[in-house]
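Participant: See my_file.cif below, with mmCIF, C-alpha atoms and all ligand atoms.
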```cif
data_run
#
loop_
_atom_site.label_atom_id
_atom_site.label_comp_id
_atom_site.auth_asym_id
_atom_site.auth_seq_id
_atom_site.Cartn_x
_atom_site.Cartn_y
_atom_site.Cartn_z
CA MET A 12 0.00 0.00 0.00
CA PRO A 13 1.56 3.38 -0.98
CA THR A 14 2.46 5.83 1.77
CA PHE A 15 -0.14 8.57 2.10
CA MET A 16 1.36 12.05 2.29
CA PRO A 17 -0.96 15.06 2.17
CA ASN A 18 0.14 17.66 -0.35
CA THR A 19 -1.07 20.64 1.68
CA LEU A 20 0.33 22.21 4.81
CA GLY A 21 -0.88 24.30 7.76
CA VAL A 22 1.35 27.04 9.12
CA TYR A 23 1.34 28.44 12.64
CA VAL A 24 3.01 31.81 13.27
CA SER A 25 3.75 32.66 16.89
CA ILE A 26 3.63 36.34 17.89
CA PRO A 27 4.52 36.31 21.60
CA PHE A 28 3.78 39.96 22.47
CA CYS A 29 1.01 41.17 24.76
CA ARG A 30 -0.07 44.48 26.27
CA ALA A 31 -0.32 42.93 29.73
CA LYS A 32 0.32 39.47 31.10
CA CYS A 33 -2.87 37.68 32.18
CA SER A 34 -2.52 35.92 35.53
CA TYR A 35 -3.67 32.51 34.19
CA CYS A 36 -1.44 32.61 31.09
CA ASN A 37 0.99 29.73 30.65
CA PHE A 38 2.11 30.62 27.12
CA ALA A 39 5.57 31.82 26.11
CA SER A 40 4.42 35.44 25.82
CA GLY A 41 5.20 38.72 27.49
CA VAL A 42 5.20 42.50 27.39
CA PHE A 43 8.12 43.81 25.34
CA GLY A 44 9.04 47.10 23.68
CA SER A 45 8.53 47.94 20.01
CA GLU A 46 12.22 47.41 19.20
CA ARG A 47 12.06 43.78 20.25
CA MET A 48 8.87 43.34 18.28
CA ALA A 49 10.56 44.71 15.14
CA ALA A 50 13.61 42.50 15.67
CA TYR A 51 11.30 39.54 16.19
CA VAL A 52 9.42 40.13 12.93
CA ASP A 53 12.78 40.36 11.07
CA ARG A 54 13.91 37.09 12.65
CA LEU A 55 10.60 35.42 11.87
CA ALA A 56 10.74 36.45 8.20
CA ALA A 57 14.31 35.13 7.95
CA GLU A 58 13.27 31.85 9.58
CA ILE A 59 10.42 31.43 7.07
CA ARG A 60 12.74 32.09 4.12
CA ALA A 61 15.21 29.49 5.42
CA ILE A 62 12.64 26.75 5.99
CA ARG A 63 13.25 24.70 2.83
CA VAL A 64 16.91 24.19 3.75
CA GLN A 65 15.99 23.50 7.35
CA ALA A 66 13.28 20.98 6.43
CA GLU A 67 15.80 19.19 4.26
CA SER A 68 18.12 18.85 7.25
CA TRP A 69 15.20 17.24 9.13
CA ASN A 70 14.62 14.85 6.18
CA ALA A 71 11.12 16.28 6.14
CA VAL A 72 8.71 16.49 3.24
CA LEU A 73 7.54 20.09 2.88
CA PRO A 74 4.32 20.55 0.86
CA GLU A 75 4.31 23.76 -1.15
CA LYS A 76 0.61 24.50 -0.84
CA LEU A 77 -0.80 26.15 2.31
CA ASP A 78 -4.45 25.50 3.04
CA SER A 79 -4.39 27.06 6.51
CA ALA A 80 -2.38 29.63 8.43
CA TYR A 81 -2.89 30.62 12.05
CA PHE A 82 -1.34 33.69 13.64
CA GLY A 83 -1.43 33.02 17.38
CA GLY A 84 0.40 34.12 20.46
CA GLY A 85 0.56 36.29 22.33
CA THR A 86 -1.51 38.96 20.69
CA PRO A 87 -0.73 39.04 16.96
CA SER A 88 -3.30 41.80 16.48
CA LEU A 89 -0.67 44.13 18.01
CA LEU A 90 1.41 43.91 14.83
CA SER A 91 1.30 46.91 12.51
CA PRO A 92 -0.05 46.31 8.98
CA GLU A 93 3.53 46.71 7.70
CA GLN A 94 4.83 44.02 10.05
CA MET A 95 2.00 41.71 9.07
CA GLN A 96 2.81 42.31 5.41
CA GLN A 97 6.47 41.53 6.06
CA ILE A 98 5.56 38.10 7.46
CA LEU A 99 2.99 37.36 4.76
CA LYS A 100 5.44 38.33 2.05
CA ALA A 101 7.99 35.86 3.41
CA LEU A 102 5.34 33.12 3.50
CA GLN A 103 4.27 33.90 -0.07
CA GLU A 104 7.86 33.64 -1.26
CA VAL A 105 8.15 30.11 0.10
CA PHE A 106 4.61 28.74 -0.17
CA PHE A 107 1.62 28.90 -2.44
CA PHE A 108 -1.62 29.85 -0.66
CA GLU A 109 -4.44 27.63 -1.90
CA ALA A 110 -7.62 29.46 -2.96
CA GLY A 111 -9.97 29.59 0.04
CA ALA A 112 -7.20 28.79 2.55
CA GLU A 113 -8.34 29.39 6.13
CA ILE A 114 -6.23 32.23 7.55
CA THR A 115 -6.84 33.07 11.19
CA LEU A 116 -5.69 35.95 13.36
CA GLU A 117 -5.89 35.76 17.14
CA CYS A 118 -7.00 39.05 18.69
CA ALA A 119 -7.49 40.44 22.15
CA PRO A 120 -10.72 42.49 22.14
CA GLY A 121 -9.89 46.20 21.85
CA GLN A 122 -6.33 45.49 20.74
CA LEU A 123 -6.76 45.53 16.99
CA SER A 124 -5.99 48.81 15.28
CA ASP A 125 -8.40 50.29 12.73
CA GLU A 126 -5.67 50.08 10.09
CA LEU A 127 -5.07 46.37 10.65
CA SER A 128 -8.76 45.47 10.97
CA GLN A 129 -9.52 47.15 7.64
CA ALA A 130 -6.52 45.50 5.98
CA LEU A 131 -7.39 41.97 7.15
CA PRO A 132 -9.48 40.87 4.12
CA ARG A 133 -6.96 42.45 1.74
CA PHE A 134 -4.18 40.47 3.45
CA GLY A 135 -6.21 37.28 3.02
CA PHE A 136 -7.43 36.85 6.61
CA ASN A 137 -10.88 35.30 6.71
CA ARG A 138 -11.12 34.17 10.33
CA VAL A 139 -10.50 35.81 13.72
CA SER A 140 -10.23 34.15 17.11
CA LEU A 141 -11.10 36.50 19.98
CA GLY A 142 -9.75 35.86 23.48
CA VAL A 143 -12.81 37.04 25.39
CA GLN A 144 -12.55 34.45 28.22
CA SER A 145 -15.49 36.00 30.13
CA PHE A 146 -18.30 38.43 29.30
CA VAL A 147 -18.48 39.38 32.99
CA ASP A 148 -16.29 42.44 33.48
CA ARG A 149 -15.24 41.66 37.06
CA GLU A 150 -13.96 38.22 36.01
CA ALA A 151 -12.04 39.51 33.01
CA ALA A 152 -10.46 42.28 35.10
CA ALA A 153 -9.50 39.86 37.90
CA VAL A 154 -7.14 37.96 35.59
CA GLY A 155 -5.71 41.07 33.95
CA ARG A 156 -7.72 41.17 30.73
CA LEU A 157 -7.94 44.74 29.50
CA HIS A 158 -11.38 44.57 27.89
CA THR A 159 -14.97 44.69 29.03
CA ARG A 160 -18.03 42.95 27.64
CA ALA A 161 -18.93 46.15 25.73
CA ILE A 162 -15.48 46.22 24.10
CA ALA A 163 -15.71 42.54 23.12
CA LEU A 164 -19.15 43.04 21.54
CA ALA A 165 -17.97 46.17 19.72
CA GLU A 166 -14.96 44.23 18.39
CA ILE A 167 -17.18 41.52 16.95
CA ALA A 168 -19.37 44.16 15.26
CA ARG A 169 -16.28 45.93 13.87
CA LEU A 170 -14.85 42.68 12.48
CA ARG A 171 -18.13 41.96 10.74
CA ARG A 172 -18.12 45.44 9.24
CA ALA A 173 -14.61 44.73 7.95
CA GLY A 174 -15.95 41.60 6.24
CA ILE A 175 -14.86 38.94 8.76
CA ASP A 176 -17.81 36.75 9.79
CA ASP A 177 -15.91 33.58 10.66
CA ILE A 178 -15.22 34.46 14.29
CA ASN A 179 -14.30 32.30 17.25
CA VAL A 180 -14.82 33.36 20.86
CA ASP A 181 -12.67 31.76 23.57
CA LEU A 182 -14.12 31.29 27.06
CA ILE A 183 -12.44 29.97 30.22
CA ALA A 184 -14.30 28.05 32.93
CA GLY A 185 -12.72 28.47 36.36
CA LEU A 186 -11.76 32.14 36.55
CA PRO A 187 -11.68 33.90 39.93
CA HIS A 188 -15.16 35.20 40.96
CA GLN A 189 -16.89 32.87 38.46
CA THR A 190 -20.06 31.13 39.62
CA LEU A 191 -22.47 28.87 37.78
CA GLU A 192 -24.78 31.89 37.39
CA SER A 193 -22.11 34.23 36.04
CA TRP A 194 -20.88 31.47 33.73
CA GLN A 195 -24.42 31.19 32.40
CA GLU A 196 -24.26 34.92 31.67
CA SER A 197 -21.09 34.41 29.60
CA LEU A 198 -22.57 31.44 27.74
CA ASN A 199 -25.71 33.43 26.91
CA ALA A 200 -23.70 36.43 25.76
CA ALA A 201 -21.46 34.23 23.59
CA LEU A 202 -24.46 32.62 21.90
CA GLU A 203 -26.20 35.97 21.43
CA THR A 204 -23.25 37.22 19.38
CA GLY A 205 -24.14 34.56 16.79
CA VAL A 206 -20.48 33.75 16.10
CA PRO A 207 -20.12 30.38 14.36
CA HIS A 208 -17.31 28.99 16.55
CA LEU A 209 -16.81 28.84 20.32
CA SER A 210 -14.00 27.38 22.42
CA VAL A 211 -14.25 26.49 26.09
CA TYR A 212 -11.17 25.77 28.15
CA MET A 213 -11.04 24.71 31.76
CA LEU A 214 -8.56 26.72 33.83
CA ASP A 215 -5.10 25.15 33.70
CA VAL A 216 -3.35 24.93 37.03
CA ASP A 217 0.38 24.54 36.51
CA GLU A 218 3.72 26.12 37.36
CA ASP A 219 3.74 28.13 34.13
CA SER A 220 1.19 30.78 35.14
CA ARG A 221 1.17 33.16 38.10
CA LEU A 222 -2.32 32.07 39.10
CA GLY A 223 -1.41 28.39 38.75
CA ARG A 224 1.78 28.79 40.80
CA GLU A 225 -0.18 30.52 43.54
CA MET A 226 -2.82 27.84 43.57
CA LEU A 227 -0.12 25.20 43.96
CA ALA A 228 1.69 27.21 46.65
CA GLY A 229 -1.43 28.38 48.49
CA GLY A 230 -0.89 32.15 47.95
CA THR A 231 -3.59 34.82 47.68
CA ARG A 232 -2.41 37.62 45.39
CA TYR A 233 -4.07 36.58 42.13
CA GLY A 234 -7.47 35.68 43.52
CA VAL A 235 -6.78 32.02 44.18
CA GLY A 236 -9.40 31.92 46.95
CA LEU A 237 -11.99 33.10 44.42
CA VAL A 238 -11.34 30.31 41.90
CA PRO A 239 -14.34 27.95 41.78
CA HIS A 240 -14.00 24.40 43.08
CA GLU A 241 -13.01 21.84 40.44
CA ALA A 242 -16.43 20.17 40.68
CA THR A 243 -18.00 23.54 39.81
CA ILE A 244 -15.59 23.96 36.88
CA ALA A 245 -16.61 20.51 35.61
CA ALA A 246 -20.29 21.53 35.93
CA MET A 247 -19.53 24.71 33.96
CA TYR A 248 -17.93 22.67 31.18
CA ASN A 249 -20.93 20.33 31.05
CA GLN A 250 -23.29 23.32 31.02
CA ALA A 251 -21.44 24.79 28.01
CA SER A 252 -21.51 21.46 26.13
CA GLU A 253 -25.24 21.06 26.63
CA GLN A 254 -26.24 24.65 25.96
CA PHE A 255 -24.08 25.12 22.86
CA SER A 256 -25.21 21.81 21.38
CA ARG A 257 -28.86 22.73 21.96
CA ALA A 258 -28.23 26.02 20.17
CA GLY A 259 -26.79 24.24 17.11
CA VAL A 260 -23.15 24.98 17.91
CA ALA A 261 -22.07 21.36 18.05
CA GLN A 262 -19.11 20.06 20.00
CA TYR A 263 -16.57 18.59 17.58
CA GLU A 264 -13.57 18.40 19.91
CA ILE A 265 -12.98 18.44 23.66
CA SER A 266 -12.75 22.26 23.77
CA ASN A 267 -14.28 23.29 20.45
CA PHE A 268 -17.81 23.92 19.19
CA ALA A 269 -18.98 25.07 15.77
CA ARG A 270 -21.98 25.54 13.56
CA ALA A 271 -21.94 22.99 10.71
CA GLY A 272 -19.12 23.68 8.27
CA CYS A 273 -17.40 26.24 10.55
CA GLU A 274 -14.99 23.86 12.32
CA SER A 275 -11.41 25.18 12.39
CA ARG A 276 -9.63 23.52 9.49
CA HIS A 277 -6.26 24.50 10.92
CA ASN A 278 -6.87 23.03 14.37
CA LEU A 279 -8.29 19.84 12.86
CA LYS A 280 -4.83 19.22 11.41
CA TYR A 281 -3.43 18.80 14.94
CA TRP A 282 -5.92 16.08 15.82
CA THR A 283 -5.84 14.24 12.52
CA ARG A 284 -2.03 14.21 12.22
CA GLN A 285 -1.87 16.34 9.10
CA PRO A 286 1.41 18.21 8.52
CA TYR A 287 1.88 21.65 10.01
CA LEU A 288 4.81 23.94 10.44
CA GLY A 289 5.33 26.35 13.33
CA PHE A 290 7.38 29.53 13.06
CA GLY A 291 8.52 31.70 15.95
CA LEU A 292 8.87 31.40 19.69
CA ASP A 293 7.85 28.04 21.18
CA ALA A 294 6.31 26.98 17.86
CA HIS A 295 5.81 23.29 17.10
CA SER A 296 5.85 21.40 13.81
CA PHE A 297 4.77 17.98 12.62
CA LEU A 298 6.02 16.82 9.24
CA HIS A 299 6.27 13.58 7.36
CA THR A 300 9.77 12.44 6.51
CA THR A 301 11.27 11.17 3.29
CA ASP A 302 11.69 7.65 4.75
CA GLY A 303 7.93 7.35 5.30
CA ASN A 304 7.96 8.20 9.02
CA ALA A 305 7.36 11.55 10.72
CA VAL A 306 9.15 14.09 12.90
CA ARG A 307 8.05 16.64 15.50
CA ALA A 308 10.09 19.81 15.98
CA SER A 309 9.83 22.51 18.64
CA ARG A 310 11.50 25.89 18.75
CA THR A 311 12.92 27.55 21.86
CA ASP A 312 10.60 29.37 24.29
CA ASP A 313 13.36 31.81 25.28
CA LEU A 314 12.98 35.09 23.38
CA THR A 315 16.63 36.11 23.68
CA GLN A 316 17.80 32.72 22.42
CA TYR A 317 15.28 32.90 19.61
CA LEU A 318 16.45 36.33 18.50
CA ASP A 319 20.17 35.53 18.63
CA GLN A 320 19.60 32.04 17.17
CA SER A 321 21.53 30.40 19.99
CA ALA A 322 19.11 27.50 20.49
CA ASP A 323 18.61 24.63 18.07
CA GLU A 324 15.17 23.14 17.39
CA ILE A 325 14.41 20.02 19.36
CA LEU A 326 13.68 17.23 16.91
CA THR A 327 11.70 14.19 17.99
CA PRO A 328 11.38 11.38 15.46
CA VAL A 329 7.93 9.77 15.57
CA SER A 330 8.35 6.00 15.69
CA THR A 331 5.76 3.61 14.32
CA ASN A 332 4.57 2.84 17.85
CA ASP A 333 4.33 6.57 18.65
CA ALA A 334 2.30 7.10 15.48
CA ILE A 335 -0.19 4.39 16.46
CA GLU A 336 -0.59 5.77 19.98
CA GLU A 337 -0.99 9.33 18.70
CA ALA A 338 -3.66 8.17 16.27
CA TRP A 339 -5.64 6.83 19.22
CA PHE A 340 -5.42 9.70 21.63
CA LEU A 341 -5.58 12.51 19.08
CA GLY A 342 -8.50 10.81 17.31
CA LEU A 343 -10.33 10.43 20.60
CA ARG A 344 -10.17 14.21 21.15
CA LEU A 345 -12.73 14.51 18.36
CA THR A 346 -16.40 14.06 19.22
CA ALA A 347 -16.73 11.61 16.32
CA GLY A 348 -14.01 9.52 18.00
CA VAL A 349 -12.15 6.72 16.28
CA SER A 350 -13.60 4.31 13.74
CA LEU A 351 -12.62 0.85 14.99
CA PRO A 352 -12.73 -0.88 11.57
CA ALA A 353 -10.70 1.95 9.97
CA MET A 354 -8.20 1.84 12.82
CA GLU A 355 -7.83 -1.92 12.50
CA GLU A 356 -7.30 -1.60 8.79
CA LYS A 357 -4.53 0.90 9.43
CA ILE A 358 -2.69 -0.70 12.33
CA GLY A 359 -3.44 -4.36 11.75
CA HIS A 360 -5.19 -7.00 13.78
CA ALA A 361 -2.34 -7.71 16.21
CA ALA A 362 -1.81 -4.06 17.20
CA MET A 363 -5.56 -3.66 17.58
CA ARG A 364 -5.55 -6.59 20.01
CA ALA A 365 -2.92 -4.85 22.17
CA PHE A 366 -5.31 -1.93 22.80
CA GLN A 367 -8.40 -4.03 23.55
CA PRO A 368 -7.81 -4.18 27.35
CA ILE A 369 -7.50 -0.35 27.51
CA LEU A 370 -10.67 0.14 25.49
CA ALA A 371 -12.58 -2.36 27.61
CA GLU A 372 -11.36 -0.83 30.87
CA CYS A 373 -12.25 2.73 29.79
CA GLU A 374 -15.69 1.59 28.65
CA GLU A 375 -16.28 -0.09 31.98
CA LEU A 376 -15.26 3.10 33.79
CA GLY A 377 -17.70 5.11 31.67
CA LEU A 378 -14.91 7.10 30.00
CA LEU A 379 -15.38 5.68 26.48
CA GLU A 380 -18.49 4.52 24.65
CA ARG A 381 -19.26 2.84 21.34
CA THR A 382 -21.73 4.17 18.81
CA GLY A 383 -21.87 1.73 15.90
CA PRO A 384 -18.34 1.31 14.59
CA GLN A 385 -17.07 4.43 16.43
CA ILE A 386 -15.54 4.63 19.88
CA CYS A 387 -15.47 8.02 21.56
CA LEU A 388 -15.07 9.81 24.86
CA THR A 389 -18.15 10.12 27.05
CA GLN A 390 -18.84 13.50 28.66
CA GLN A 391 -17.11 12.15 31.79
CA GLY A 392 -14.25 10.97 29.60
CA ARG A 393 -13.81 14.52 28.24
CA LEU A 394 -13.42 15.82 31.78
CA PHE A 395 -10.70 13.24 32.45
CA ALA A 396 -9.31 13.15 28.92
CA ASN A 397 -5.65 13.36 29.96
CA ASP A 398 -6.08 10.33 32.22
CA VAL A 399 -7.69 8.43 29.36
CA PHE A 400 -4.95 9.38 26.89
CA ALA A 401 -2.18 8.43 29.30
CA ARG A 402 -3.46 4.85 29.19
CA PHE A 403 -2.69 4.67 25.47
CA LEU A 404 0.99 5.53 25.99
CA GLY A 405 3.57 2.77 26.00
CA VAL A 406 1.02 0.04 25.26
CA LEU A 407 2.95 -1.34 22.30
CA ALA A 408 6.30 -1.12 24.08
CA THR A 409 5.03 -3.26 26.93
CA SER A 410 3.10 -5.78 24.87
CA ASP A 411 4.73 -9.08 23.93
CA LYS A 412 7.92 -8.40 21.96
CA LEU A 413 7.30 -10.98 19.26
CA GLU A 414 3.82 -9.69 18.73
CA ALA A 415 5.07 -6.10 18.70
CA SER A 416 7.59 -6.80 15.97
CA PHE A 417 4.86 -8.44 13.93
CA GLN A 418 2.62 -5.42 14.48
CA LYS A 419 5.35 -3.10 13.39
CA ALA A 420 6.03 -4.98 10.19
CA GLU A 421 2.35 -5.12 9.41
CA PHE A 422 1.89 -1.44 10.19
CA GLN A 423 4.84 -0.28 8.12
CA GLN A 424 3.75 -2.42 5.22
CA GLN A 425 0.48 -0.58 5.17
CA GLY A 426 2.17 2.81 5.33
CA ALA A 427 -0.47 3.89 7.80
CA PHE A 428 -0.53 7.44 9.16
CA VAL A 429 2.53 8.66 7.35
S1 LIG B 1 -3.59 34.87 27.77
FE1 LIG B 1 -3.19 35.67 25.72
S2 LIG B 1 -3.33 37.91 25.97
FE2 LIG B 1 -3.10 37.08 28.03
S3 LIG B 1 -0.89 37.12 28.40
FE3 LIG B 1 -1.37 35.10 27.60
S4 LIG B 1 -1.03 35.23 25.41
FE4 LIG B 1 -1.17 37.35 26.21
#
```
Go through the file and emit its structure as structure tokens.
Facilitator:
Amino acid sequence: MPTFMPNTLGVYVSIPFCRAKCSYCNFASGVFGSERMAAYVDRLAAEIRAIRVQAESWNAVLPEKLDSAYFGGGTPSLLSPEQMQQILKALQEVFFFEAGAEITLECAPGQLSDELSQALPRFGFNRVSLGVQSFVDREAAAVGRLHTRAIALAEIARLRRAGIDDINVDLIAGLPHQTLESWQESLNAALETGVPHLSVYMLDVDEDSRLGREMLAGGTRYGVGLVPHEATIAAMYNQASEQFSRAGVAQYEISNFARAGCESRHNLKYWTRQPYLGFGLDAHSFLHTTDGNAVRASRTDDLTQYLDQSADEILTPVSTNDAIEEAWFLGLRLTAGVSLPAMEEKIGHAAMRAFQPILAECEELGLLERTGPQICLTQQGRLFANDVFARFLGVLATSDKLEASFQKAEFQQQGAFV
């Protein structure tokens, strides 16, 4: 069976600059002066122009056609039109943008200049993702967001006037001061905007954000005592799933909801193992390789190292076993789940057998369920998705060695996933 390699690519461009650092933020982003921003854009453009040579050194196959591009961060809407043009020009020199390619800009409400908003359609942008997080002003202010509900609504109206209707609104469940009632207010407001795409994230508690660090250390400065209990956060997530689905904004991934046909084509690449290339600080790539396997690459998250090019990319070859495990846990992120017959056809009968105990155990625990030939996360499974996915790791490495080598041969013969 010939190896399947998609001939289109998604590109992610990281713009790590913000006006203020939100207390819950665990991204490689920060507040920097305009000189650093200009130096960063120069570096980014140079990195894009050098990508063909770099991809060759990774033995990676680099499709020429782009069918999606995503400018994320950070707050890419802080770029001037000239800086945006500089990046787009570099991309156009190296790649060919397919007609109708999905091109997304992440914006913080109130932080998009008139000049850039009017230039967006001319530059090819046809989608905007707005980091609203909450439509309740006290909650947004408590985590350092600089906008109010009125500003967020005005931004949506302004984008529509500029010709951008494909808008996503991000919400976070678990912010300080949030209650089930105030969350309901945010859900209602989000639906009333009529935007075709909504994302709901549950507050991340880790060492990489100020709020997360305080929660772990028991401090008080960032409103830790006002963060809802995790059972309440879970109830908020369930409330969003139910309400959005009822309103016709269907859940298609753990955190993502869309009206039919408005799913994010770029983000779907991450969960279906399609190739994508990340440029800029802390950007990640996934590419197929010339030997029929795949490689993941990540760039430094240190801005100084990025600017002076003193850090190499970290390359992680994706083994056959890794590819099989990724196909399971990335596929299960999608509401449609994984087709068992299609999976068996790809990975072979023996490999399929190795995962049967995990599937059976998760079904028994109410974390996975079957609908016809599909297996997918239950609502409970979505809340504990990371625990479910962890069970799929290392399964092939620990299964019987003879059987594993058979699986591998069978899998490679079929050229599955690569
Ligand atoms: S959450 Fe977004 S806007 Fe806030 S600091 Fe992080 S990247 Fe910047």
Participant: Excluding same-chain residues fewer than 5 positions from stretch 41-47 of chain A, what lies within 7 Å of it counting all atoms listed in the file, as a ChimeraX atom specification?
Facilitator: /A:27-32
Participant: With only C-alpha atoms as the counted atoms, please give the residues lying no more than 6 Å from stretch 102-116 of chain A, apart from itself and same-chain residues fewer than 2 positions off, as a VMD selection string.
Facilitator: chain A and resid 75 to 82 99 to 100 136 to 139
Participant: Can you write out as JSON lines which residues of chain A fall within 10 Å of ligand LIG 1 (chain B), alongside each residue's closest atom pair and its distance in Å to one decimal, counting only C-alpha atoms and all ligand atoms and ordering rows by chain and ascending residue number?
Facilitator:
```
{"residue": "A:Ile26", "atom": "CA", "partner": "B:LIG1", "partner_atom": "S4", "distance": 8.9}
{"residue": "A:Pro27", "atom": "CA", "partner": "B:LIG1", "partner_atom": "S4", "distance": 6.8}
{"residue": "A:Phe28", "atom": "CA", "partner": "B:LIG1", "partner_atom": "FE4", "distance": 6.7}
{"residue": "A:Cys29", "atom": "CA", "partner": "B:LIG1", "partner_atom": "FE4", "distance": 4.6}
{"residue": "A:Arg30", "atom": "CA", "partner": "B:LIG1", "partner_atom": "FE4", "distance": 7.2}
{"residue": "A:Ala31", "atom": "CA", "partner": "B:LIG1", "partner_atom": "S3", "distance": 6.0}
{"residue": "A:Lys32", "atom": "CA", "partner": "B:LIG1", "partner_atom": "S3", "distance": 3.8}
{"residue": "A:Cys33", "atom": "CA", "partner": "B:LIG1", "partner_atom": "FE2", "distance": 4.2}
{"residue": "A:Ser34", "atom": "CA", "partner": "B:LIG1", "partner_atom": "S3", "distance": 7.4}
{"residue": "A:Tyr35", "atom": "CA", "partner": "B:LIG1", "partner_atom": "S1", "distance": 6.8}
{"residue": "A:Cys36", "atom": "CA", "partner": "B:LIG1", "partner_atom": "FE3", "distance": 4.3}
{"residue": "A:Asn37", "atom": "CA", "partner": "B:LIG1", "partner_atom": "FE3", "distance": 6.6}
{"residue": "A:Phe38", "atom": "CA", "partner": "B:LIG1", "partner_atom": "FE3", "distance": 5.7}
{"residue": "A:Ala39", "atom": "CA", "partner": "B:LIG1", "partner_atom": "S4", "distance": 7.5}
{"residue": "A:Ser40", "atom": "CA", "partner": "B:LIG1", "partner_atom": "S4", "distance": 5.5}
{"residue": "A:Gly41", "atom": "CA", "partner": "B:LIG1", "partner_atom": "S3", "distance": 6.4}
{"residue": "A:Val42", "atom": "CA", "partner": "B:LIG1", "partner_atom": "S3", "distance": 8.2}
{"residue": "A:Gly83", "atom": "CA", "partner": "B:LIG1", "partner_atom": "S4", "distance": 8.3}
{"residue": "A:Gly84", "atom": "CA", "partner": "B:LIG1", "partner_atom": "S4", "distance": 5.3}
{"residue": "A:Gly85", "atom": "CA", "partner": "B:LIG1", "partner_atom": "S4", "distance": 3.6}
{"residue": "A:Thr86", "atom": "CA", "partner": "B:LIG1", "partner_atom": "S2", "distance": 5.7}
{"residue": "A:Pro87", "atom": "CA", "partner": "B:LIG1", "partner_atom": "S4", "distance": 9.3}
{"residue": "A:Glu117", "atom": "CA", "partner": "B:LIG1", "partner_atom": "FE1", "distance": 9.0}
{"residue": "A:Cys118", "atom": "CA", "partner": "B:LIG1", "partner_atom": "S2", "distance": 8.2}
{"residue": "A:Ala119", "atom": "CA", "partner": "B:LIG1", "partner_atom": "S2", "distance": 6.2}
{"residue": "A:Pro120", "atom": "CA", "partner": "B:LIG1", "partner_atom": "S2", "distance": 9.5}
{"residue": "A:Gln122", "atom": "CA", "partner": "B:LIG1", "partner_atom": "S2", "distance": 9.7}
{"residue": "A:Leu141", "atom": "CA", "partner": "B:LIG1", "partner_atom": "FE1", "distance": 9.8}
{"residue": "A:Gly142", "atom": "CA", "partner": "B:LIG1", "partner_atom": "FE1", "distance": 6.9}
{"residue": "A:Val143", "atom": "CA", "partner": "B:LIG1", "partner_atom": "S2", "distance": 9.5}
{"residue": "A:Gln144", "atom": "CA", "partner": "B:LIG1", "partner_atom": "S1", "distance": 9.0}
{"residue": "A:Val154", "atom": "CA", "partner": "B:LIG1", "partner_atom": "FE2", "distance": 8.6}
{"residue": "A:Gly155", "atom": "CA", "partner": "B:LIG1", "partner_atom": "FE2", "distance": 7.6}
{"residue": "A:Arg156", "atom": "CA", "partner": "B:LIG1", "partner_atom": "FE2", "distance": 6.7}
{"residue": "A:Leu157", "atom": "CA", "partner": "B:LIG1", "partner_atom": "S2", "distance": 9.0}
{"residue": "A:Ser220", "atom": "CA", "partner": "B:LIG1", "partner_atom": "FE3", "distance": 9.1}
```
Participant: Find the residues near A:Phe395: any atom within 12 Å, counting only C-alpha atoms, skip ones fewer than 6 places away on the same chain, and give them as a PDB file with C-alpha atoms, in the coordinates of the input.
Facilitator:
```
ATOM      1  CA  MET A 213     -11.040  24.710  31.760  1.00  0.00           C
ATOM      2  CA  GLU A 241     -13.010  21.840  40.440  1.00  0.00           C
ATOM      3  CA  ALA A 245     -16.610  20.510  35.610  1.00  0.00           C
ATOM      4  CA  TYR A 248     -17.930  22.670  31.180  1.00  0.00           C
ATOM      5  CA  ILE A 265     -12.980  18.440  23.660  1.00  0.00           C
ATOM      6  CA  ARG A 344     -10.170  14.210  21.150  1.00  0.00           C
ATOM      7  CA  CYS A 373     -12.250   2.730  29.790  1.00  0.00           C
ATOM      8  CA  LEU A 376     -15.260   3.100  33.790  1.00  0.00           C
ATOM      9  CA  GLY A 377     -17.700   5.110  31.670  1.00  0.00           C
ATOM     10  CA  LEU A 378     -14.910   7.100  30.000  1.00  0.00           C
ATOM     11  CA  LEU A 379     -15.380   5.680  26.480  1.00  0.00           C
ATOM     12  CA  LEU A 388     -15.070   9.810  24.860  1.00  0.00           C
ATOM     13  CA  THR A 389     -18.150  10.120  27.050  1.00  0.00           C
ATOM     14  CA  ALA A 401      -2.180   8.430  29.300  1.00  0.00           C
ATOM     15  CA  ARG A 402      -3.460   4.850  29.190  1.00  0.00           C
TER      16      ARG A 402
END
```
Participant: So that I can see what lies close to A:Arg284, please list as a PyMOL selection string the residues with an atom at most 8 Å from it, counting all atoms listed in the file and leaving out residues fewer than 3 positions away in the same chain.
Facilitator: chain A and resi 280-281+297+338+341+428
Participant: Using only the atoms of stretch 158-171 of chain A listed in the file, plus 3 Å on each side, state the axis-aligned box centre and edge lengths in Å rounded to one decimal, as AutoDock Vina command-line options.
Facilitator:
```
--center_x -15.4 --center_y 43.9 --center_z 19.9 --size_x 14.0 --size_y 10.7 --size_z 24.3
```
Participant: Give me, please, the distance in Å between atom CA of A:Val22 and atom CA of A:Arg307, quoted to one decimal.
Facilitator: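 Distance reported for this atom pair: 13.9 Å.
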Participant: How many Å lie between atom CA of A:Arg310 and atom CA of A:Glu324, rounded to one decimal?
Facilitator: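 A separation of 4.8 Å between them.
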Participant: Can you pull out the residues contacting stretch 63-73 of chain A? Cut-off 12 Å, using only C-alpha atoms, and skip same-chain residues under 6 positions away; I want them as a PyMOL selection string.
Facilitator: chain A and resi 15-22+57+102+104-107+285-290+296-308+323-329+429
